[in-house]
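Enquirer: Just so it is clear, I am handing over protein-v8.csv, which has CSV, C-alpha atoms.
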```csv
chain,number,residue,atom,x,y,z
A,1,MET,CA,103.1,114.6,117.4
A,2,PRO,CA,101.8,117.9,115.8
A,3,TYR,CA,98.8,115.9,114.6
A,4,ASP,CA,98.0,114.7,118.1
A,5,LYS,CA,98.3,118.2,119.5
A,6,LYS,CA,96.0,119.6,116.8
A,7,LEU,CA,93.5,116.9,117.5
A,8,ASN,CA,93.5,117.6,121.2
A,9,GLN,CA,93.0,121.3,120.6
A,10,PHE,CA,90.0,120.5,118.4
A,11,GLN,CA,88.5,118.2,121.0
A,12,ILE,CA,89.0,120.9,123.7
A,13,ALA,CA,87.4,123.5,121.5
A,14,GLN,CA,84.4,121.2,120.8
A,15,THR,CA,84.0,120.4,124.5
A,16,ASN,CA,84.1,124.1,125.3
A,17,LYS,CA,81.5,124.9,122.7
A,18,TYR,CA,79.2,122.1,124.0
A,19,ASN,CA,79.6,123.3,127.6
A,20,VAL,CA,78.7,126.9,126.6
A,21,TYR,CA,75.7,125.6,124.7
A,22,ARG,CA,74.6,123.4,127.7
A,23,CYS,CA,75.0,126.4,130.0
A,24,LEU,CA,72.8,128.5,127.8
A,25,ILE,CA,70.1,125.8,127.7
A,26,ARG,CA,70.1,125.0,131.4
A,27,GLU,CA,70.8,128.4,132.9
A,28,GLY,CA,69.8,131.0,130.3
A,29,PRO,CA,68.9,133.8,129.9
A,30,ILE,CA,72.5,134.5,131.0
A,31,ASN,CA,75.3,136.9,130.1
A,32,ARG,CA,78.8,136.1,128.7
A,33,ALA,CA,80.7,136.8,132.0
A,34,ALA,CA,78.3,134.5,133.9
A,35,ILE,CA,78.8,131.7,131.4
A,36,ALA,CA,82.6,132.1,131.7
A,37,LYS,CA,82.4,131.9,135.5
A,38,ARG,CA,80.0,129.0,135.4
A,39,MET,CA,82.1,127.0,132.9
A,40,ASP,CA,85.5,128.1,134.2
A,41,LEU,CA,86.5,129.5,130.8
A,42,SER,CA,88.1,132.8,129.8
A,43,ILE,CA,85.8,135.6,128.6
A,44,PRO,CA,87.5,135.8,125.2
A,45,THR,CA,86.8,132.0,124.7
A,46,VAL,CA,83.2,132.4,125.6
A,47,MET,CA,82.9,135.5,123.3
A,48,ALA,CA,84.3,133.6,120.4
A,49,ILE,CA,81.9,130.6,120.9
A,50,VAL,CA,78.9,132.9,121.4
A,51,ASP,CA,79.8,134.8,118.2
A,52,ASP,CA,79.9,131.6,116.3
A,53,LEU,CA,76.5,130.5,117.7
A,54,PHE,CA,75.1,133.9,116.7
A,55,LYS,CA,76.2,133.4,113.1
A,56,LYS,CA,74.5,130.1,113.1
A,57,LYS,CA,71.3,131.7,114.5
A,58,ILE,CA,71.4,129.3,117.5
A,59,VAL,CA,71.7,132.1,120.1
A,60,ARG,CA,69.7,135.4,120.3
A,61,SER,CA,70.0,138.5,122.3
A,62,MET,CA,67.4,139.6,124.8
A,63,GLY,CA,68.9,143.1,125.2
A,64,LYS,CA,70.8,144.6,128.1
A,65,GLY,CA,70.3,143.5,131.8
A,66,GLU,CA,68.3,145.7,134.1
A,67,PHE,CA,70.0,145.1,137.4
A,68,GLY,CA,73.0,146.7,139.2
A,69,VAL,CA,74.9,149.8,138.3
A,70,GLY,CA,77.3,150.7,135.5
A,71,LYS,CA,77.3,149.2,132.0
A,72,GLN,CA,74.7,146.4,131.7
A,73,PRO,CA,75.8,143.2,130.0
A,74,GLU,CA,73.9,141.7,127.0
A,75,ILE,CA,71.6,138.8,128.0
A,76,LEU,CA,71.6,135.7,125.8
A,77,GLU,CA,69.4,132.7,125.3
A,78,ILE,CA,69.1,129.8,122.9
A,79,GLU,CA,66.8,130.5,119.9
A,80,PRO,CA,64.1,128.0,120.7
A,81,GLU,CA,62.8,127.6,117.2
A,82,ARG,CA,66.2,126.8,115.7
A,83,PHE,CA,66.0,123.0,116.2
A,84,PHE,CA,63.2,120.5,116.9
A,85,PHE,CA,63.1,117.0,118.3
A,86,ILE,CA,60.3,114.4,117.9
A,87,GLY,CA,59.5,111.9,120.7
A,88,ALA,CA,57.1,109.0,120.3
A,89,ASP,CA,55.7,106.7,123.0
A,90,ILE,CA,54.5,103.4,121.5
A,91,GLY,CA,52.3,102.0,124.3
A,92,ARG,CA,50.2,98.9,124.1
A,93,GLY,CA,47.0,101.0,124.4
A,94,THR,CA,48.0,104.4,123.0
A,95,ILE,CA,50.6,106.0,120.7
A,96,ARG,CA,51.7,109.5,121.9
A,97,ILE,CA,53.9,111.8,119.9
A,98,VAL,CA,55.4,115.1,120.9
A,99,MET,CA,57.6,117.8,119.4
A,100,ASN,CA,60.1,119.6,121.6
A,101,ASN,CA,61.9,122.8,120.6
A,102,ALA,CA,65.7,123.5,121.0
A,103,VAL,CA,65.4,124.2,124.8
A,104,GLY,CA,63.3,121.1,125.5
A,105,GLU,CA,59.9,122.6,125.7
A,106,GLN,CA,56.9,120.6,124.4
A,107,ILE,CA,55.3,122.6,121.7
A,108,ALA,CA,52.9,120.1,120.1
A,109,CYS,CA,51.5,116.7,120.8
A,110,MET,CA,49.0,114.1,119.5
A,111,ARG,CA,47.7,110.7,120.6
A,112,GLU,CA,45.7,107.8,119.1
A,113,PRO,CA,44.8,104.3,120.0
A,114,THR,CA,47.5,101.7,119.3
A,115,GLY,CA,45.1,99.2,117.8
A,116,ASP,CA,46.3,95.9,116.5
A,117,PRO,CA,50.1,95.8,116.2
A,118,PHE,CA,50.1,92.8,113.9
A,119,PRO,CA,51.8,92.2,111.6
A,120,GLY,CA,54.7,94.1,113.0
A,121,ARG,CA,56.0,95.4,109.7
A,122,GLU,CA,52.7,97.0,108.7
A,123,PHE,CA,52.2,98.5,112.2
A,124,ILE,CA,55.7,100.1,112.2
A,125,ALA,CA,55.0,101.6,108.7
A,126,HIS,CA,51.8,103.1,110.3
A,127,VAL,CA,53.9,104.6,113.2
A,128,GLN,CA,56.4,105.9,110.6
A,129,LYS,CA,53.5,107.6,108.7
A,130,LEU,CA,52.1,109.1,111.9
A,131,ILE,CA,55.5,110.8,112.7
A,132,LEU,CA,55.9,112.2,109.2
A,133,GLN,CA,52.4,113.5,109.1
A,134,PHE,CA,52.8,115.0,112.6
A,135,VAL,CA,55.9,117.0,111.4
A,136,GLU,CA,54.2,118.0,108.1
A,137,GLN,CA,51.1,119.4,109.9
A,138,ARG,CA,53.4,121.7,111.9
A,139,ARG,CA,54.8,123.1,108.6
A,140,ILE,CA,58.4,122.6,109.8
A,141,ASP,CA,61.1,121.8,107.3
A,142,ALA,CA,62.6,118.4,107.9
A,143,SER,CA,66.0,119.9,107.9
A,144,HIS,CA,65.2,121.6,111.3
A,145,ILE,CA,64.2,118.2,112.8
A,146,LEU,CA,67.4,116.8,114.5
A,147,GLY,CA,65.9,113.4,115.1
A,148,ALA,CA,63.1,111.2,116.5
A,149,GLY,CA,63.4,109.3,119.8
A,150,ILE,CA,61.1,106.3,120.0
A,151,ALA,CA,60.1,104.8,123.3
A,152,MET,CA,59.0,101.1,123.1
A,153,PRO,CA,58.2,98.6,125.9
A,154,GLY,CA,60.2,95.4,126.0
A,155,LEU,CA,63.9,94.4,125.8
A,156,ILE,CA,65.7,96.8,123.4
A,157,GLU,CA,69.2,96.0,122.2
A,158,ARG,CA,71.5,98.9,122.9
A,159,GLY,CA,73.1,100.5,119.9
A,160,THR,CA,70.8,98.9,117.3
A,161,GLY,CA,67.3,99.7,118.6
A,162,LYS,CA,66.3,96.1,117.9
A,163,VAL,CA,63.3,94.8,119.8
A,164,ILE,CA,64.6,91.6,121.3
A,165,ILE,CA,61.3,90.8,122.8
A,166,ALA,CA,58.1,92.8,123.5
A,167,PRO,CA,55.6,90.4,125.2
A,168,ASP,CA,52.8,93.0,125.2
A,169,PHE,CA,53.1,93.3,121.4
A,170,GLY,CA,54.0,89.6,120.7
A,171,TRP,CA,57.2,90.8,119.0
A,172,LYS,CA,60.5,89.0,118.9
A,173,ASP,CA,63.7,90.1,117.1
A,174,ILE,CA,62.1,93.1,115.3
A,175,PRO,CA,64.6,95.6,113.8
A,176,LEU,CA,62.4,98.5,114.9
A,177,GLN,CA,65.0,101.3,114.6
A,178,ASP,CA,66.1,100.2,111.1
A,179,TRP,CA,62.6,99.8,109.8
A,180,LEU,CA,61.5,103.2,111.1
A,181,GLN,CA,64.7,104.8,109.7
A,182,GLU,CA,63.9,103.6,106.1
A,183,ASN,CA,61.7,106.6,105.1
A,184,VAL,CA,62.5,109.1,107.8
A,185,PRO,CA,64.9,111.9,106.8
A,186,TYR,CA,66.4,112.4,110.2
A,187,PRO,CA,68.0,110.1,112.8
A,188,VAL,CA,65.8,107.6,114.6
A,189,LEU,CA,66.8,106.3,118.1
A,190,VAL,CA,64.8,103.5,119.8
A,191,LYS,CA,64.9,103.1,123.6
A,192,ASN,CA,63.1,101.2,126.2
A,193,SER,CA,60.0,103.2,127.3
A,194,THR,CA,60.6,103.0,131.0
A,195,HIS,CA,64.2,104.2,130.4
A,196,ALA,CA,62.9,107.2,128.5
A,197,LEU,CA,60.3,107.9,131.2
A,198,ALA,CA,62.9,107.7,133.9
A,199,VAL,CA,65.2,110.2,132.1
A,200,ASN,CA,62.3,112.7,131.9
A,201,GLU,CA,61.0,112.2,135.5
A,202,SER,CA,64.5,112.4,137.1
A,203,TYR,CA,65.4,115.6,135.3
A,204,ILE,CA,65.5,118.7,137.5
A,205,PRO,CA,66.1,121.9,135.5
A,206,GLY,CA,69.3,123.7,136.4
A,207,VAL,CA,70.5,120.9,138.7
A,208,ASP,CA,73.4,118.5,137.8
A,209,ASP,CA,74.3,115.1,139.3
A,210,VAL,CA,72.8,115.5,142.7
A,211,HIS,CA,70.7,112.3,143.1
A,212,THR,CA,70.2,108.7,142.2
A,213,THR,CA,66.7,107.9,141.1
A,214,PHE,CA,64.9,104.6,140.9
A,215,CYS,CA,62.0,105.1,138.6
A,216,VAL,CA,59.1,102.6,138.4
A,217,ASN,CA,56.7,102.6,135.5
A,218,LEU,CA,53.3,101.1,136.4
A,219,GLY,CA,51.1,100.6,133.3
A,220,TYR,CA,49.9,97.8,131.2
A,221,GLY,CA,53.2,96.2,132.2
A,222,ILE,CA,55.7,97.1,134.9
A,223,GLY,CA,59.3,98.3,134.3
A,224,ALA,CA,61.9,100.3,136.1
A,225,ALA,CA,65.1,102.3,135.5
A,226,ILE,CA,68.1,103.6,137.4
A,227,ILE,CA,69.3,107.2,136.9
A,228,THR,CA,72.4,108.6,138.5
A,229,GLY,CA,72.4,112.4,138.0
A,230,GLU,CA,71.4,112.5,134.4
A,231,ASP,CA,73.0,109.3,133.4
A,232,LEU,CA,70.9,106.2,132.7
A,233,TYR,CA,72.3,102.9,133.8
A,234,ASP,CA,71.6,100.6,130.9
A,235,GLY,CA,73.3,97.4,132.1
A,236,THR,CA,75.7,95.4,130.0
A,237,GLY,CA,73.2,94.7,127.3
A,238,GLY,CA,70.9,97.7,127.6
A,239,ILE,CA,68.1,95.8,129.3
A,240,SER,CA,68.4,96.8,133.0
A,241,GLY,CA,65.4,97.6,135.2
A,242,GLU,CA,63.1,94.6,134.5
A,243,LEU,CA,61.5,94.9,137.9
A,244,GLY,CA,58.3,93.5,136.5
A,245,HIS,CA,60.0,90.1,136.0
A,246,CYS,CA,61.2,89.7,139.6
A,247,VAL,CA,59.3,86.9,141.2
A,248,VAL,CA,57.2,88.0,144.2
A,249,ASP,CA,54.7,85.1,144.5
A,250,ARG,CA,56.0,81.6,143.9
A,251,ASP,CA,52.4,80.3,143.8
A,252,GLY,CA,51.3,83.1,141.4
A,253,PRO,CA,50.2,83.0,137.8
A,254,LEU,CA,52.3,82.2,134.8
A,255,CYS,CA,54.0,85.4,133.4
A,256,LYS,CA,54.6,86.1,129.7
A,257,CYS,CA,58.3,85.7,130.2
A,258,GLY,CA,57.8,82.1,131.2
A,259,ASN,CA,58.4,82.4,135.0
A,260,ILE,CA,55.8,81.9,137.7
A,261,GLY,CA,54.6,84.8,139.9
A,262,CYS,CA,56.4,87.8,138.4
A,263,LEU,CA,55.5,91.2,139.7
A,264,GLU,CA,54.0,92.0,136.3
A,265,ALA,CA,51.9,88.9,136.4
A,266,VAL,CA,50.2,89.9,139.7
A,267,ALA,CA,50.2,93.7,139.8
A,268,SER,CA,50.3,95.3,136.3
A,269,GLY,CA,47.4,97.0,134.7
A,270,GLU,CA,46.8,93.8,132.6
A,271,ALA,CA,47.0,91.6,135.7
A,272,ILE,CA,44.5,93.8,137.6
A,273,ALA,CA,42.1,93.6,134.7
A,274,ARG,CA,42.5,89.8,134.4
A,275,GLN,CA,41.8,89.3,138.1
A,276,ALA,CA,38.7,91.5,137.8
A,277,GLN,CA,37.5,89.4,134.9
A,278,THR,CA,37.8,86.3,136.9
A,279,ILE,CA,35.8,87.8,139.8
A,280,ILE,CA,33.0,89.0,137.5
A,281,ALA,CA,32.8,85.7,135.6
A,282,HIS,CA,32.5,83.6,138.8
A,283,HIS,CA,30.7,85.9,141.3
A,284,GLY,CA,29.2,88.8,139.5
A,285,ARG,CA,28.4,90.9,142.6
A,286,SER,CA,30.5,93.9,142.2
A,287,MET,CA,30.3,97.5,140.9
A,288,MET,CA,32.8,96.3,138.3
A,289,THR,CA,30.0,94.2,136.8
A,290,GLU,CA,28.0,97.4,136.2
A,291,LEU,CA,30.9,99.3,134.8
A,292,CYS,CA,31.7,96.7,132.2
A,293,GLY,CA,28.1,96.3,131.2
A,294,GLY,CA,28.0,92.7,132.5
A,295,ASN,CA,30.6,91.6,130.0
A,296,ALA,CA,33.8,90.6,131.8
A,297,ALA,CA,35.8,90.9,128.6
A,298,ASN,CA,35.3,94.6,128.6
A,299,ILE,CA,36.8,95.3,132.1
A,300,ASP,CA,40.1,97.2,132.3
A,301,ALA,CA,42.2,98.5,135.1
A,302,LYS,CA,40.6,101.9,135.0
A,303,MET,CA,37.2,100.4,135.8
A,304,VAL,CA,38.7,98.4,138.7
A,305,PHE,CA,40.2,101.6,140.2
A,306,GLU,CA,36.9,103.4,139.7
A,307,ALA,CA,35.1,100.7,141.6
A,308,ALA,CA,37.7,100.6,144.3
A,309,ASN,CA,37.6,104.4,144.8
A,310,ALA,CA,33.9,104.0,145.3
A,311,GLY,CA,34.4,101.5,148.0
A,312,ASP,CA,33.7,98.3,146.1
A,313,ASN,CA,35.2,95.4,148.2
A,314,PRO,CA,36.2,93.0,145.4
A,315,ALA,CA,37.9,95.9,143.6
A,316,LEU,CA,39.6,97.1,146.8
A,317,LYS,CA,41.0,93.6,147.4
A,318,ILE,CA,42.5,93.5,143.9
A,319,ILE,CA,44.1,97.0,144.2
A,320,ASN,CA,45.4,96.4,147.8
A,321,THR,CA,47.0,93.1,146.7
A,322,ALA,CA,48.6,94.8,143.7
A,323,ALA,CA,49.9,97.6,145.9
A,324,MET,CA,51.3,95.1,148.4
A,325,TYR,CA,53.3,93.3,145.7
A,326,ILE,CA,54.6,96.5,144.1
A,327,GLY,CA,55.8,97.7,147.5
A,328,ILE,CA,57.6,94.5,148.0
A,329,GLY,CA,59.2,94.8,144.6
A,330,ILE,CA,60.3,98.3,145.2
A,331,SER,CA,61.7,97.4,148.6
A,332,MET,CA,63.9,94.8,146.9
A,333,ALA,CA,65.3,97.4,144.6
A,334,VAL,CA,65.9,99.9,147.4
A,335,ASN,CA,67.7,97.3,149.6
A,336,ILE,CA,70.0,96.5,146.7
A,337,LEU,CA,70.6,99.9,145.1
A,338,ASP,CA,70.2,102.3,148.0
A,339,PRO,CA,68.9,105.2,145.9
A,340,ASP,CA,68.0,108.5,147.5
A,341,ARG,CA,64.9,108.9,145.4
A,342,VAL,CA,62.1,106.6,144.1
A,343,VAL,CA,59.6,108.0,141.6
A,344,ILE,CA,56.5,106.0,140.7
A,345,CYS,CA,55.0,106.8,137.3
A,346,GLY,CA,52.7,105.4,134.7
A,347,GLY,CA,49.1,105.1,133.8
A,348,LEU,CA,48.1,103.3,137.1
A,349,MET,CA,49.2,106.3,139.0
A,350,ARG,CA,46.5,108.4,137.4
A,351,ASN,CA,43.8,106.8,139.5
A,352,GLY,CA,44.0,108.8,142.7
A,353,PRO,CA,46.3,108.9,145.8
A,354,TYR,CA,45.0,105.8,147.5
A,355,PHE,CA,47.0,103.4,145.4
A,356,PHE,CA,50.2,105.4,145.9
A,357,GLU,CA,49.8,105.4,149.7
A,358,ARG,CA,49.2,101.6,149.8
A,359,ILE,CA,52.4,101.1,147.8
A,360,ARG,CA,54.2,103.4,150.2
A,361,ALA,CA,53.0,101.5,153.2
A,362,SER,CA,54.0,98.1,151.7
A,363,MET,CA,57.4,99.4,150.7
A,364,GLU,CA,58.1,100.9,154.2
A,365,GLU,CA,57.1,97.6,155.7
A,366,HIS,CA,59.6,95.6,153.7
A,367,VAL,CA,62.5,97.9,153.2
A,368,VAL,CA,65.5,97.5,155.5
A,369,THR,CA,65.5,100.5,157.8
A,370,ARG,CA,68.7,102.4,158.3
A,371,SER,CA,69.3,105.6,160.3
A,372,SER,CA,71.5,107.1,157.7
A,373,ARG,CA,69.1,106.5,154.8
A,374,SER,CA,67.1,109.5,153.5
A,375,LEU,CA,64.7,108.1,150.9
A,376,LEU,CA,62.3,110.3,149.0
A,377,LEU,CA,59.3,108.5,147.5
A,378,SER,CA,57.1,110.5,145.1
A,379,ALA,CA,54.7,110.2,142.3
A,380,GLY,CA,55.7,111.2,138.8
A,381,THR,CA,54.9,114.7,137.7
A,382,GLY,CA,55.6,114.5,133.9
A,383,GLY,CA,52.0,113.8,132.9
A,384,GLU,CA,50.6,111.8,130.1
A,385,TYR,CA,53.4,112.7,127.6
A,386,SER,CA,56.3,112.1,130.0
A,387,THR,CA,57.6,109.0,128.2
A,388,ALA,CA,57.4,110.7,124.8
A,389,ASN,CA,59.2,113.8,126.2
A,390,GLY,CA,61.7,111.4,127.8
A,391,ALA,CA,62.4,109.9,124.3
A,392,CYS,CA,63.2,113.4,123.1
A,393,ARG,CA,65.6,113.9,126.0
A,394,VAL,CA,67.3,110.6,125.5
A,395,LEU,CA,67.8,111.5,121.8
A,396,VAL,CA,69.3,114.9,122.8
A,397,ASN,CA,71.6,113.2,125.3
A,398,THR,CA,72.8,110.7,122.7
A,399,LEU,CA,73.5,113.4,120.1
A,400,TRP,CA,75.3,115.3,122.8
A,401,VAL,CA,77.6,112.4,123.6
A,402,GLN,CA,78.2,111.8,119.9
A,403,ARG,CA,78.9,115.5,119.4
A,404,ALA,CA,76.3,115.3,116.6
A,405,LEU,CA,74.4,118.5,117.3
A,406,PRO,CA,74.8,121.1,114.5
A,407,ILE,CA,76.3,123.8,116.7
```
Could you take the file, read its structure, and then write that structure out as structure tokens?

Expert:
Amino acid sequence: MPYDKKLNQFQIAQTNKYNVYRCLIREGPINRAAIAKRMDLSIPTVMAIVDDLFKKKIVRSMGKGEFGVGKQPEILEIEPERFFFIGADIGRGTIRIVMNNAVGEQIACMREPTGDPFPGREFIAHVQKLILQFVEQRRIDASHILGAGIAMPGLIERGTGKVIIAPDFGWKDIPLQDWLQENVPYPVLVKNSTHALAVNESYIPGVDDVHTTFCVNLGYGIGAAIITGEDLYDGTGGISGELGHCVVDRDGPLCKCGNIGCLEAVASGEAIARQAQTIIAHHGRSMMTELCGGNAANIDAKMVFEAANAGDNPALKIINTAAMYIGIGISMAVNILDPDRVVICGGLMRNGPYFFERIRASMEEHVVTRSSRSLLLSAGTGGEYSTANGACRVLVNTLWVQRALPI
């Protein structure tokens, strides 16, 4: 019994420490009394925790407050340069890497074309080298890096970071997390890229557990994720959110997953480019022909959007059809999940407002109307590095749950 009591006291102390740390990150700069009130802790408890964080150089003082009358309290904040986190977004077209500081601010970034990811072992060694060089160029000691979060498209096994299948890369049963970890001197965590993106896009600084978000990632492929508050719904095997592999056209093309007419097969960036290639090869009369230099093999989704935004009818037909199917897919998810927020993100959303509005119209046409429903539909705001920053956030959340932060 004494052992159990001691263990419980230790767990309580750890929980209190993490809650104070969390309060400093989310609501700092802040004083001790405000922390105690916010966390429902005694002031002596908060003072002891803060003193310990001072000794570890995790917290710093900003001096005395300047408001009110009487003795002014000391204002505290997390030392932003005490820890760093790496986030990598391994996309089919581009690899993006970021460094975040202890308070979650992006302080450095880089990008380069993905190139040919075959064979997988050599490509992963290249990604590993990029991460190590990225850290080295910042002249930061590896001991200050608390980990690297890796965002990867495809089905990722929860707990192991194994790529079960990544159709866009032609990978199957690749132990990505283990291979990346081999020569990296800090923890590596692999997560599905859309899950990472959703964690970043659903985060509202200073706000806890107030919404359920359905996040859709429209890029080379199509994925989705469900966030309740700040908690990601993984599903039983960690592979939830495969919106791209919901069938929306029974007479549609074959998808990489083996089904016919999946959303990804008719409305992803890859599908949009493929449809444009067919039009150019068989008809040729389109602005898209000029944009690709007459070579259909060179066309990509960006060119299709450029032509559509200029009023090109064949391109507009492709974009409108893709938006219609995406809206149908989202309406299915809304009807099943009943979220109060839908965020549409990804590379396809960086082609102007027209595509977003066509998706909105299609979704509203097919979603079940309900007087009590208040649904906010918005475009993502995290920018080009949102998935990489989300990988950092997923890593921090995991270390948090594991009580593995060195505080």

Enquirer: Just the number, please: distance in Å from CA of Glu77 in chain A to CA of Met62 in chain A, one decimal.

Expert: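 Separating CA of Glu77 in chain A from CA of Met62 in chain A is a distance of 7.2 Å.
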
Enquirer: What gap, in Å, lies between CA of Asn19 in chain A and CA of Ile140 in chain A?

Expert: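 Interatomic distance here is 27.7 Å.
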
Enquirer: In Å to one decimal, how far is CA of Gly346 in chain A from CA of Ile272 in chain A?

Expert: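 CA of Gly346 in chain A lies 14.5 Å from CA of Ile272 in chain A.
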
Enquirer: Pick from A:Ile174, A:Ala36, A:Ile326, A:Val396: nearest to Val247 in chain A, with all atoms listed in the file counted?

Expert: A:Ile326

Enquirer: Can you tell me which residues surround Ile124 in chain A at a distance of at most 10 Å, considering only C-alpha atoms, apart from same-chain residues fewer than 6 positions away, and format the answer as a PDB file with C-alpha atoms, in the coordinates of the input?

Expert:
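Output contents, as saved in selection13.pdb:
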```pdb
ATOM      1  CA  ILE A  90      54.500 103.400 121.500  1.00  0.00           C
ATOM      2  CA  PRO A 117      50.100  95.800 116.200  1.00  0.00           C
ATOM      3  CA  PHE A 118      50.100  92.800 113.900  1.00  0.00           C
ATOM      4  CA  LEU A 130      52.100 109.100 111.900  1.00  0.00           C
ATOM      5  CA  ILE A 174      62.100  93.100 115.300  1.00  0.00           C
ATOM      6  CA  LEU A 176      62.400  98.500 114.900  1.00  0.00           C
ATOM      7  CA  GLN A 177      65.000 101.300 114.600  1.00  0.00           C
ATOM      8  CA  TRP A 179      62.600  99.800 109.800  1.00  0.00           C
ATOM      9  CA  LEU A 180      61.500 103.200 111.100  1.00  0.00           C
TER      10      LEU A 180
END
```

Enquirer: Quick one: of A:Phe214, A:Tyr233, A:Tyr186, A:Phe356, who's nearest to Ile336 in chain A, counting only C-alpha atoms?

Expert: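 Between A:Phe214, A:Tyr233, A:Tyr186, A:Phe356, the residue approaching Ile336 in chain A most closely is A:Phe214.
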